[in-house]
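Structure file model.cif (mmCIF, C-alpha atoms and all ligand atoms) follows.
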data_my_file
loop_
_atom_site.label_atom_id
_atom_site.label_comp_id
_atom_site.auth_asym_id
_atom_site.auth_seq_id
_atom_site.Cartn_x
_atom_site.Cartn_y
_atom_site.Cartn_z
CA ASN A 1 2.50 13.95 -9.98
CA ASN A 2 2.12 12.27 -6.66
CA VAL A 3 4.32 11.00 -3.87
CA ALA A 4 3.17 7.77 -2.22
CA ILE A 5 4.75 6.75 1.08
CA TYR A 6 4.49 3.61 3.19
CA TYR A 7 3.71 4.11 6.86
CA GLY A 8 3.52 1.60 9.72
CA GLN A 9 6.84 -0.21 9.80
CA GLY A 10 9.23 2.65 10.50
CA ALA A 11 11.70 2.39 13.38
CA ASN A 12 10.39 4.51 16.30
CA GLN A 13 7.89 6.05 13.90
CA PRO A 14 5.78 9.03 14.96
CA ARG A 15 2.02 8.69 14.74
CA LEU A 16 0.35 9.00 11.34
CA SER A 17 -0.84 12.59 11.98
CA HIS A 18 2.79 13.73 11.73
CA PHE A 19 2.71 12.72 8.06
CA CYS A 20 -0.85 13.95 7.50
CA GLU A 21 0.38 17.44 8.39
CA GLN A 22 3.20 17.35 5.83
CA THR A 23 2.41 18.45 2.27
CA THR A 24 5.13 16.18 0.86
CA SER A 25 2.94 13.09 0.35
CA ASP A 26 -0.32 12.55 -1.50
CA ILE A 27 -0.94 8.84 -0.92
CA ILE A 28 -0.16 6.97 2.31
CA ASN A 29 -0.07 3.18 2.36
CA ILE A 30 -0.58 1.92 5.91
CA GLY A 31 1.19 -1.41 6.39
CA PHE A 32 0.47 -4.16 7.11
CA ILE A 33 -2.20 -6.77 7.12
CA HIS A 34 0.66 -9.24 7.25
CA GLU A 35 -1.22 -12.51 7.93
CA PHE A 36 -3.84 -13.67 5.48
CA PRO A 37 -6.87 -15.91 6.21
CA LYS A 38 -5.96 -19.59 5.86
CA SER A 39 -9.46 -20.51 4.68
CA VAL A 40 -12.96 -19.03 4.31
CA GLY A 41 -14.09 -17.40 7.56
CA ASP A 42 -10.56 -17.18 8.99
CA TYR A 43 -9.33 -13.79 10.16
CA PRO A 44 -6.27 -11.93 8.89
CA GLY A 45 -3.61 -10.57 11.20
CA SER A 46 -2.17 -7.06 11.36
CA ASN A 47 1.00 -5.32 12.44
CA PHE A 48 1.55 -1.56 12.50
CA GLY A 49 4.88 -1.44 14.31
CA ASN A 50 4.90 0.68 17.46
CA GLN A 51 1.32 1.91 16.95
CA CYS A 52 -1.88 0.47 18.52
CA ASP A 53 -2.14 -0.74 22.14
CA GLY A 54 -1.12 -4.38 21.77
CA THR A 55 -4.64 -5.81 22.16
CA PHE A 56 -6.15 -8.17 19.62
CA PHE A 57 -9.65 -9.27 18.70
CA PRO A 58 -10.04 -12.41 20.83
CA GLY A 59 -8.65 -15.51 19.19
CA THR A 60 -7.21 -13.60 16.25
CA GLY A 61 -4.00 -11.85 15.17
CA LEU A 62 -5.99 -8.75 14.25
CA LEU A 63 -5.05 -5.66 16.29
CA LYS A 64 -8.01 -4.06 18.05
CA GLY A 65 -6.59 -0.95 19.74
CA CYS A 66 -5.13 1.07 16.89
CA HIS A 67 -6.50 4.36 18.31
CA GLN A 68 -3.68 6.51 16.87
CA ILE A 69 -4.52 5.23 13.39
CA TRP A 70 -8.30 5.61 13.59
CA GLU A 71 -7.88 9.07 15.12
CA ASP A 72 -5.38 10.16 12.43
CA ILE A 73 -6.78 8.77 9.18
CA PRO A 74 -9.49 11.52 9.16
CA ILE A 75 -6.71 14.12 9.57
CA CYS A 76 -4.94 12.74 6.49
CA LYS A 77 -8.19 12.60 4.51
CA ALA A 78 -9.07 16.20 5.54
CA ALA A 79 -5.63 17.19 4.21
CA GLY A 80 -6.61 15.71 0.84
CA LYS A 81 -4.50 12.59 1.07
CA THR A 82 -5.53 9.13 -0.11
CA VAL A 83 -5.07 6.50 2.59
CA LEU A 84 -4.74 2.88 1.53
CA LEU A 85 -4.42 -0.22 3.70
CA SER A 86 -1.49 -2.35 2.59
CA LEU A 87 -1.57 -6.16 2.52
CA GLY A 88 1.51 -8.35 2.77
CA GLY A 89 4.86 -6.61 3.12
CA GLY A 90 8.45 -7.65 2.84
CA SER A 91 8.64 -9.51 6.13
CA ALA A 92 5.36 -11.42 5.88
CA THR A 93 6.81 -14.61 4.37
CA THR A 94 3.66 -16.65 5.10
CA GLN A 95 1.36 -14.44 3.03
CA SER A 96 -0.62 -16.61 0.59
CA LEU A 97 -4.18 -17.37 -0.50
CA LYS A 98 -5.23 -21.02 -0.69
CA ASP A 99 -7.92 -20.65 -3.37
CA VAL A 100 -10.42 -18.28 -4.97
CA ALA A 101 -13.03 -18.84 -2.24
CA THR A 102 -10.52 -17.77 0.41
CA ALA A 103 -9.47 -14.79 -1.72
CA GLU A 104 -13.05 -13.59 -2.09
CA SER A 105 -13.86 -14.06 1.59
CA PHE A 106 -10.73 -12.06 2.39
CA ALA A 107 -11.92 -9.29 0.07
CA ASP A 108 -15.31 -9.25 1.84
CA PHE A 109 -13.57 -9.13 5.22
CA LEU A 110 -11.40 -6.21 4.17
CA TRP A 111 -14.35 -4.31 2.73
CA TYR A 112 -16.71 -4.72 5.72
CA SER A 113 -13.94 -4.30 8.31
CA PHE A 114 -11.98 -1.40 6.80
CA GLY A 115 -14.33 0.05 4.15
CA PRO A 116 -17.32 2.31 4.77
CA TYR A 117 -18.94 1.60 8.15
CA ASP A 118 -22.27 -0.19 7.67
CA SER A 119 -23.74 -1.35 10.98
CA SER A 120 -25.74 -4.09 9.24
CA PHE A 121 -22.48 -5.82 8.31
CA SER A 122 -19.99 -4.50 10.85
CA SER A 123 -20.06 -4.02 14.57
CA LEU A 124 -18.10 -1.71 16.81
CA GLU A 125 -18.93 -3.94 19.76
CA TRP A 126 -17.07 -7.18 19.98
CA THR A 127 -17.73 -10.49 21.67
CA ALA A 128 -16.13 -13.76 20.66
CA ALA A 129 -19.63 -15.03 19.94
CA MET A 130 -19.90 -12.50 17.13
CA LYS A 131 -16.96 -13.95 15.28
CA GLY A 132 -18.23 -15.14 11.93
CA GLU A 133 -21.55 -13.31 12.18
CA LEU A 134 -20.40 -9.69 11.94
CA TYR A 135 -17.18 -8.07 10.83
CA PRO A 136 -14.97 -6.23 13.36
CA ARG A 137 -13.96 -2.60 12.88
CA PRO A 138 -10.22 -2.36 13.68
CA PHE A 139 -10.26 1.34 12.77
CA GLY A 140 -13.74 1.99 14.21
CA THR A 141 -16.10 3.87 11.92
CA VAL A 142 -13.13 5.23 9.92
CA ALA A 143 -12.82 3.92 6.36
CA VAL A 144 -9.71 3.62 4.21
CA ASP A 145 -9.72 4.76 0.57
CA GLY A 146 -8.75 1.35 -0.76
CA PHE A 147 -6.17 -1.39 -0.60
CA ASP A 148 -2.54 -1.87 -1.61
CA LEU A 149 -1.17 -5.28 -2.53
CA ASP A 150 2.43 -5.54 -1.40
CA ILE A 151 2.53 -9.25 -2.18
CA GLU A 152 6.09 -10.52 -2.01
CA TYR A 153 5.84 -14.30 -1.58
CA ASN A 154 4.00 -17.52 -2.39
CA GLY A 155 2.79 -16.97 -5.88
CA ASN A 156 -0.16 -15.71 -7.68
CA VAL A 157 -3.13 -17.65 -6.37
CA GLY A 158 -6.28 -15.65 -5.81
CA TYR A 159 -5.12 -12.06 -6.10
CA ALA A 160 -6.99 -11.31 -9.34
CA ALA A 161 -10.16 -12.80 -7.81
CA MET A 162 -9.60 -10.75 -4.65
CA VAL A 163 -9.20 -7.50 -6.59
CA ASN A 164 -12.25 -8.25 -8.73
CA ARG A 165 -14.29 -8.93 -5.59
CA LEU A 166 -13.14 -5.66 -4.04
CA ARG A 167 -14.04 -3.87 -7.28
CA LYS A 168 -17.56 -5.32 -7.00
CA HIS A 169 -17.91 -3.72 -3.56
CA PHE A 170 -16.42 -0.45 -4.82
CA ALA A 171 -18.91 -0.31 -7.70
CA ALA A 172 -21.84 -0.82 -5.31
CA SER A 173 -20.71 1.89 -2.93
CA THR A 174 -22.02 5.46 -3.11
CA GLU A 175 -19.79 7.15 -0.52
CA GLN A 176 -16.63 7.81 -2.51
CA LYS A 177 -14.15 6.50 -5.04
CA TYR A 178 -11.97 3.60 -3.83
CA TYR A 179 -8.58 2.52 -5.15
CA ILE A 180 -6.46 -0.59 -5.64
CA SER A 181 -2.67 -0.43 -5.93
CA GLY A 182 0.17 -2.93 -6.21
CA ALA A 183 3.87 -2.98 -5.33
CA PRO A 184 5.55 -5.56 -7.56
CA GLN A 185 9.29 -6.18 -7.68
CA CYS A 186 10.96 -4.87 -10.85
CA PRO A 187 11.62 -8.18 -12.69
CA ILE A 188 8.97 -8.85 -15.36
CA PRO A 189 6.67 -10.76 -15.00
CA ASP A 190 6.32 -10.24 -11.27
CA LYS A 191 5.88 -13.71 -9.75
CA GLN A 192 3.35 -12.56 -7.16
CA LEU A 193 1.30 -9.83 -8.88
CA GLY A 194 1.82 -10.44 -12.61
CA ASP A 195 -1.38 -12.44 -12.97
CA ALA A 196 -3.47 -10.01 -10.91
CA ILE A 197 -2.18 -6.98 -12.84
CA SER A 198 -3.05 -8.60 -16.16
CA LYS A 199 -6.52 -9.76 -15.07
CA SER A 200 -7.83 -7.19 -12.56
CA TRP A 201 -8.07 -3.41 -12.39
CA PHE A 202 -5.29 -1.53 -10.58
CA ASP A 203 -5.27 2.25 -10.25
CA PHE A 204 -1.62 2.59 -9.23
CA ILE A 205 1.40 0.33 -9.69
CA TRP A 206 4.48 1.36 -7.69
CA VAL A 207 7.32 -0.87 -8.74
CA GLN A 208 9.94 -1.59 -6.10
CA TRP A 209 12.87 -0.42 -8.19
CA TYR A 210 15.26 -1.45 -5.40
CA ASN A 211 16.59 -4.67 -3.86
CA THR A 212 16.91 -6.33 -7.31
CA ALA A 213 20.18 -5.47 -9.07
CA ALA A 214 18.95 -6.67 -12.48
CA CYS A 215 16.45 -3.83 -12.86
CA SER A 216 16.74 -1.38 -9.94
CA ALA A 217 16.98 2.40 -10.39
CA SER A 218 20.49 2.32 -8.89
CA SER A 219 21.59 -0.18 -11.57
CA GLY A 220 21.63 2.51 -14.26
CA THR A 221 19.63 3.31 -17.40
CA GLY A 222 20.76 0.10 -19.12
CA LYS A 223 18.97 -2.03 -16.49
CA PHE A 224 16.24 0.22 -15.10
CA ASN A 225 13.17 -1.19 -16.88
CA PHE A 226 10.53 1.57 -16.68
CA ASN A 227 9.75 1.30 -20.39
CA GLU A 228 9.20 -2.44 -20.11
CA TRP A 229 6.82 -1.87 -17.22
CA VAL A 230 4.90 0.60 -19.41
CA LYS A 231 4.26 -2.28 -21.78
CA VAL A 232 3.04 -4.45 -18.88
CA ILE A 233 0.59 -1.70 -17.88
CA GLU A 234 -0.61 -1.25 -21.47
CA ALA A 235 -1.30 -4.99 -21.70
CA SER A 236 -3.03 -5.09 -18.30
CA ALA A 237 -6.69 -4.96 -17.28
CA ASN A 238 -6.29 -1.20 -16.74
CA PRO A 239 -3.99 0.21 -19.45
CA ASN A 240 -4.38 3.63 -17.82
CA ALA A 241 -3.01 2.59 -14.43
CA LYS A 242 -0.46 5.09 -13.14
CA LEU A 243 3.11 3.82 -12.90
CA PHE A 244 5.16 5.11 -9.96
CA ILE A 245 8.92 4.85 -9.51
CA GLY A 246 9.48 3.12 -6.17
CA LEU A 247 12.65 4.13 -4.31
CA PRO A 248 14.19 3.67 -0.84
CA ALA A 249 13.88 6.85 1.25
CA SER A 250 17.22 6.36 3.00
CA PRO A 251 20.32 4.13 2.69
CA GLU A 252 19.06 1.89 5.51
CA ALA A 253 15.57 1.54 3.97
CA ALA A 254 16.72 -1.01 1.42
CA ASN A 255 19.48 -3.55 0.90
CA GLU A 256 22.99 -2.21 0.40
CA GLY A 257 23.61 -0.21 -2.78
CA PHE A 258 20.05 0.60 -3.84
CA TYR A 259 19.69 4.09 -2.36
CA LEU A 260 19.87 7.09 -4.70
CA THR A 261 20.50 10.63 -3.47
CA PRO A 262 18.08 13.36 -4.59
CA ALA A 263 20.74 14.55 -7.06
CA GLN A 264 20.86 11.04 -8.56
CA VAL A 265 17.05 10.75 -8.63
CA LYS A 266 16.52 14.05 -10.46
CA PRO A 267 17.73 13.00 -13.95
CA LEU A 268 15.84 9.73 -13.61
CA ILE A 269 12.55 11.52 -12.91
CA LYS A 270 13.21 14.09 -15.64
CA THR A 271 13.57 11.25 -18.15
CA TYR A 272 10.21 9.64 -17.33
CA VAL A 273 8.01 12.42 -15.90
CA SER A 274 6.55 13.20 -19.33
CA ASN A 275 5.53 9.59 -20.00
CA LYS A 276 1.73 9.49 -20.01
CA HIS A 277 1.74 6.52 -17.59
CA PHE A 278 4.03 8.27 -15.09
CA GLY A 279 2.19 8.75 -11.79
CA GLY A 280 4.97 9.88 -9.48
CA VAL A 281 7.32 8.38 -6.93
CA MET A 282 6.69 5.83 -4.15
CA LEU A 283 9.03 5.89 -1.17
CA TRP A 284 9.80 3.12 1.28
CA GLU A 285 9.20 4.46 3.77
CA ALA A 286 7.79 7.49 5.62
CA THR A 287 9.95 7.61 8.77
CA ALA A 288 13.15 6.75 6.91
CA GLY A 289 12.50 9.65 4.53
CA ASP A 290 11.61 11.97 7.42
CA ASN A 291 14.87 11.19 9.21
CA ASN A 292 16.99 11.44 6.06
CA LEU A 293 17.77 15.16 6.20
CA ILE A 294 19.74 16.62 3.30
CA ASP A 295 20.53 20.37 3.26
CA GLY A 296 17.88 20.85 5.93
CA SER A 297 15.05 19.17 4.05
CA THR A 298 13.73 15.64 4.35
CA TYR A 299 14.37 13.20 1.52
CA THR A 300 10.62 13.13 0.89
CA GLN A 301 10.58 16.92 0.52
CA HIS A 302 13.46 16.73 -1.98
CA ILE A 303 11.56 14.19 -4.07
CA LYS A 304 8.40 16.31 -3.96
CA ASP A 305 10.45 19.34 -5.07
CA ILE A 306 11.95 17.42 -8.00
CA LEU A 307 8.47 16.38 -9.13
CA TYR A 308 7.30 19.99 -8.94
CA ASP A 309 10.36 21.54 -10.57
C1 LIG B 1 6.61 -1.75 -0.82
N1 LIG B 1 7.26 -2.68 0.07
C2 LIG B 1 8.57 -2.59 0.34
O1 LIG B 1 9.27 -1.73 -0.16
N2 LIG B 1 9.07 -3.51 1.21
C3 LIG B 1 10.42 -3.44 1.54
N3 LIG B 1 11.18 -2.55 1.12
N4 LIG B 1 10.93 -4.41 2.34
C4 LIG B 1 12.29 -4.44 2.62
C5 LIG B 1 13.10 -5.36 1.98
C6 LIG B 1 14.46 -5.37 2.25
C7 LIG B 1 15.03 -4.46 3.14
C8 LIG B 1 14.21 -3.53 3.75
C9 LIG B 1 12.84 -3.49 3.50
#

Can you give me the file's structure in the form of C-alpha cells?
Ligand SMILES: CNC(=O)NC(=N)Nc1ccccc1
Amino acid sequence: NNVAIYYGQGANQPRLSHFCEQTTSDIINIGFIHEFPKSVGDYPGSNFGNQCDGTFFPGTGLLKGCHQIWEDIPICKAAGKTVLLSLGGGSATTQSLKDVATAESFADFLWYSFGPYDSSFSSLEWTAAMKGELYPRPFGTVAVDGFDLDIEYNGNVGYAAMVNRLRKHFAASTEQKYYISGAPQCPIPDKQLGDAISKSWFDFIWVQWYNTAACSASSGTGKFNFNEWVKVIEASANPNAKLFIGLPASPEAANEGFYLTPAQVKPLIKTYVSNKHFGGVMLWEATAGDNNLIDGSTYTQHIKDILYD
C-alpha cells in the first residue's frame, strides 16, 4: 500500500529533497500547472509556491528557474519514489480546455516539456524566437514519471482526449513506465473527471474525501462512499486502477471539520485495506503533514504506520 502526497503549495515548504529523504511517501504529486493553454500552441502556466527563482519563459506564465525541483526530482527517483506533475489544483479556477485539439496539444506540450528529454523536440536553450518551434524544458533534462489531473473546475471537456494522447506517447517511449492519476471530489459522478475516468486509462484515482460533507471520510461510514467509487473504477476504462483514500494531512489543510486524527483514520483504513482496488492513502499535503506532529511523529508517518500495521 502506498502513500501519495502533494508537494508544491505548502506554506513555507522546504525543498522537495526533504520529502525525498523521508520513507513515509511513495508517490509525490508536484503541483501545479495551474494555467492551461487557451488554444493550440498556447503555453500553460505553473506555480510551485515558494520554489523556483521567479523567472518565466518570456511571454509565458511558465516558470523557468525551478532549480530546486530539477535538482531534487532525481533524488526522489533514486529513493524509489514516483514523481508526478499535477495539473489544475484547488485554487486554479480558470483551468479548462476549449476543445479536443487544445487538449491534445496540451498533452504534447506536457510530454515534450516534462517527459523524457529528446533534443529533437525539446531545447534547453531558450529564445523567444523558438516559441512554437521547440518545447521548453522547465525541469531541464529531468523527466517526471507521469501526470496527475487535479481538475476542480469548468467541466469535462477534453480530459479523456488529453489522457489518451499522453498514453500514446507513453506507449511509444522505451525509457520507463509512465503513469496517469486523477483527484476527483467524492460526489459521483465527478463533474470534472467523470468522463475522463470512464473513457481513458488512469493508474491511480485518489478521491478527495474531504471538503464535501455528503461523502467525506469525516462524515462517517453512512456517507463515506468508497464502495460506490469501487463501482466507478470497475466501470471505467481501467477497472484495475488503484483507489486511494484522500485525506487532509492537518486541520488547516482542508475546510473546517474534515480532518481525521490518526486514531480516527485507523478503523477506516482497516475496513478497506483488503479491498482489491485499495491502493493506499493520498494526503493533502506534504508540508501540512510534516508539521502536524502527533506523539513525536508526523501525520504522514502515522498514516504510513497504519498502512503497514
Ligand atoms: C488534490 N487537491 C486538493 O486536495 N486540493 C485542495 N485540497 N484544495 C483545497 C481546498 C480547500 C481548502 C484547502 C485546500

- Query: Using only C-alpha atoms, which of the listed residues (A:Glu228, A:Glu234, A:Glu35, A:Glu256) sits closest to Tyr210 in chain A?
  - Reply: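 Residue with the minimum atom-to-atom distance to Tyr210 in chain A: A:Glu256.
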
- Mind listing the residues within 6 Å of ligand LIG 1 (chain B), all atoms listed in the file counted, as a VMD selection string? chain A and resid 89 to 90 150 183 208 253 to 255 284

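Take CA of Gly31 in chain A and CA of Phe48 in chain A: the distance between them is 6.1 Å.
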
Considering all atoms listed in the file, return as a PDB file with C-alpha atoms, in the coordinates of the input whatever protein or nucleic-acid residues lie within 8 Å of range 4-21 of chain A, sequence-local ones (same chain, fewer than 3 positions apart) excluded.
ATOM      1  CA  SER A  25       2.940  13.090   0.350  1.00  0.00           C
ATOM      2  CA  ASP A  26      -0.320  12.550  -1.500  1.00  0.00           C
ATOM      3  CA  ILE A  27      -0.940   8.840  -0.920  1.00  0.00           C
ATOM      4  CA  ILE A  28      -0.160   6.970   2.310  1.00  0.00           C
ATOM      5  CA  ASN A  29      -0.070   3.180   2.360  1.00  0.00           C
ATOM      6  CA  ILE A  30      -0.580   1.920   5.910  1.00  0.00           C
ATOM      7  CA  GLY A  31       1.190  -1.410   6.390  1.00  0.00           C
ATOM      8  CA  PHE A  32       0.470  -4.160   7.110  1.00  0.00           C
ATOM      9  CA  ASN A  47       1.000  -5.320  12.440  1.00  0.00           C
ATOM     10  CA  PHE A  48       1.550  -1.560  12.500  1.00  0.00           C
ATOM     11  CA  GLY A  49       4.880  -1.440  14.310  1.00  0.00           C
ATOM     12  CA  ASN A  50       4.900   0.680  17.460  1.00  0.00           C
ATOM     13  CA  GLN A  51       1.320   1.910  16.950  1.00  0.00           C
ATOM     14  CA  GLN A  68      -3.680   6.510  16.870  1.00  0.00           C
ATOM     15  CA  ILE A  69      -4.520   5.230  13.390  1.00  0.00           C
ATOM     16  CA  ASP A  72      -5.380  10.160  12.430  1.00  0.00           C
ATOM     17  CA  ILE A  73      -6.780   8.770   9.180  1.00  0.00           C
ATOM     18  CA  ILE A  75      -6.710  14.120   9.570  1.00  0.00           C
ATOM     19  CA  CYS A  76      -4.940  12.740   6.490  1.00  0.00           C
ATOM     20  CA  ALA A  79      -5.630  17.190   4.210  1.00  0.00           C
ATOM     21  CA  LYS A  81      -4.500  12.590   1.070  1.00  0.00           C
ATOM     22  CA  GLY A 280       4.970   9.880  -9.480  1.00  0.00           C
ATOM     23  CA  VAL A 281       7.320   8.380  -6.930  1.00  0.00           C
ATOM     24  CA  MET A 282       6.690   5.830  -4.150  1.00  0.00           C
ATOM     25  CA  LEU A 283       9.030   5.890  -1.170  1.00  0.00           C
ATOM     26  CA  TRP A 284       9.800   3.120   1.280  1.00  0.00           C
ATOM     27  CA  GLU A 285       9.200   4.460   3.770  1.00  0.00           C
ATOM     28  CA  ALA A 286       7.790   7.490   5.620  1.00  0.00           C
ATOM     29  CA  THR A 287       9.950   7.610   8.770  1.00  0.00           C
ATOM     30  CA  ALA A 288      13.150   6.750   6.910  1.00  0.00           C
TER      31      ALA A 288
END

- Quick one: of A:Leu243, A:Leu85, A:Cys186, A:Ile205, who's nearest to Phe224 in chain A, counting all atoms listed in the file? A:Cys186

- Nearest to Ser105 in chain A, restricted to only C-alpha atoms and choosing among A:Ala161, A:Ala92, A:Leu149, A:Leu247, comes out as A:Ala161

- Residue among A:Val230, A:Ile306, A:Ile245, A:Leu134 lying closest to Pro262 in chain A, counting all atoms listed in the file: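 Of A:Val230, A:Ile306, A:Ile245, A:Leu134, the one nearest Pro262 in chain A is A:Ile306, counting all atoms listed in the file.
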
- Selected residue of minimal separation from Leu260 in chain A among A:Asp290, A:Ser297, A:His302, A:Thr60, counting only C-alpha atoms: A:His302

- Distance in Å - CA of Ile33 in chain A versus CA of Leu87 in chain A: 4.7 Å

- Query: So, counting all atoms listed in the file, which residue among A:Gln95, A:Pro248, A:Gln176, A:Thr271 is closest to Trp209 in chain A?
  - Reply: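 Result for the nearest residue to Trp209 in chain A: A:Pro248.
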
- Any idea what the distance is between CA of Arg137 in chain A and CA of Leu124 in chain A?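 Separating CA of Arg137 in chain A from CA of Leu124 in chain A is a distance of 5.8 Å.
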
- Task: Could you give me, as a PyMOL selection string, the residues within 12 Å of Arg165 in chain A, counting all atoms listed in the file and dropping anything in the same chain fewer than 5 positions from it?
- Result: chain A and resi 100-111+158-160+170-172+180+200-201

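Excluding range 120-122 of chain A itself and any same-chain residue fewer than 5 positions from it, the protein and nucleic acid residues within 9 Å of it, counting all atoms listed in the file, are Tyr112, Ser113, Glu133, Leu134, Tyr135, Pro136 and Arg137 of chain A.
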
- Message: What's around Ala214 in chain A at 8 Å? Count only C-alpha atoms, leave out sequence neighbours fewer than 4 positions away in its own chain, and write the answer as an MDAnalysis selection string.
- Response: chainID A and resid 187 219 223:224

Restrict the selected residues to C-alpha atoms and save them as a compact mmCIF listing (two decimals), in the frame of the given file.
# COMPACT_ATOMS: atom_id res chain seq x y z
CA PRO A 187 11.62 -8.18 -12.69
CA SER A 219 21.59 -0.18 -11.57
CA LYS A 223 18.97 -2.03 -16.49
CA PHE A 224 16.24 0.22 -15.10

- Message: Which residues are near Asp53 in chain A? Cut-off 8 Å, all atoms listed in the file, ignore same chain within fewer than 4 positions. Put them as a PyMOL selection string.
- Response: chain A and resi 64-67

Step by step, gather every atom of range 216-226 of chain A that the file lists, find the box along x, y and z that holds them, add 5 Å on each side, and finally give centre and edge lengths in Å to one decimal, as JSON.
{"center_x": 16.1, "center_y": 0.6, "center_z": -14.0, "size_x": 21.1, "size_y": 15.3, "size_z": 20.2}
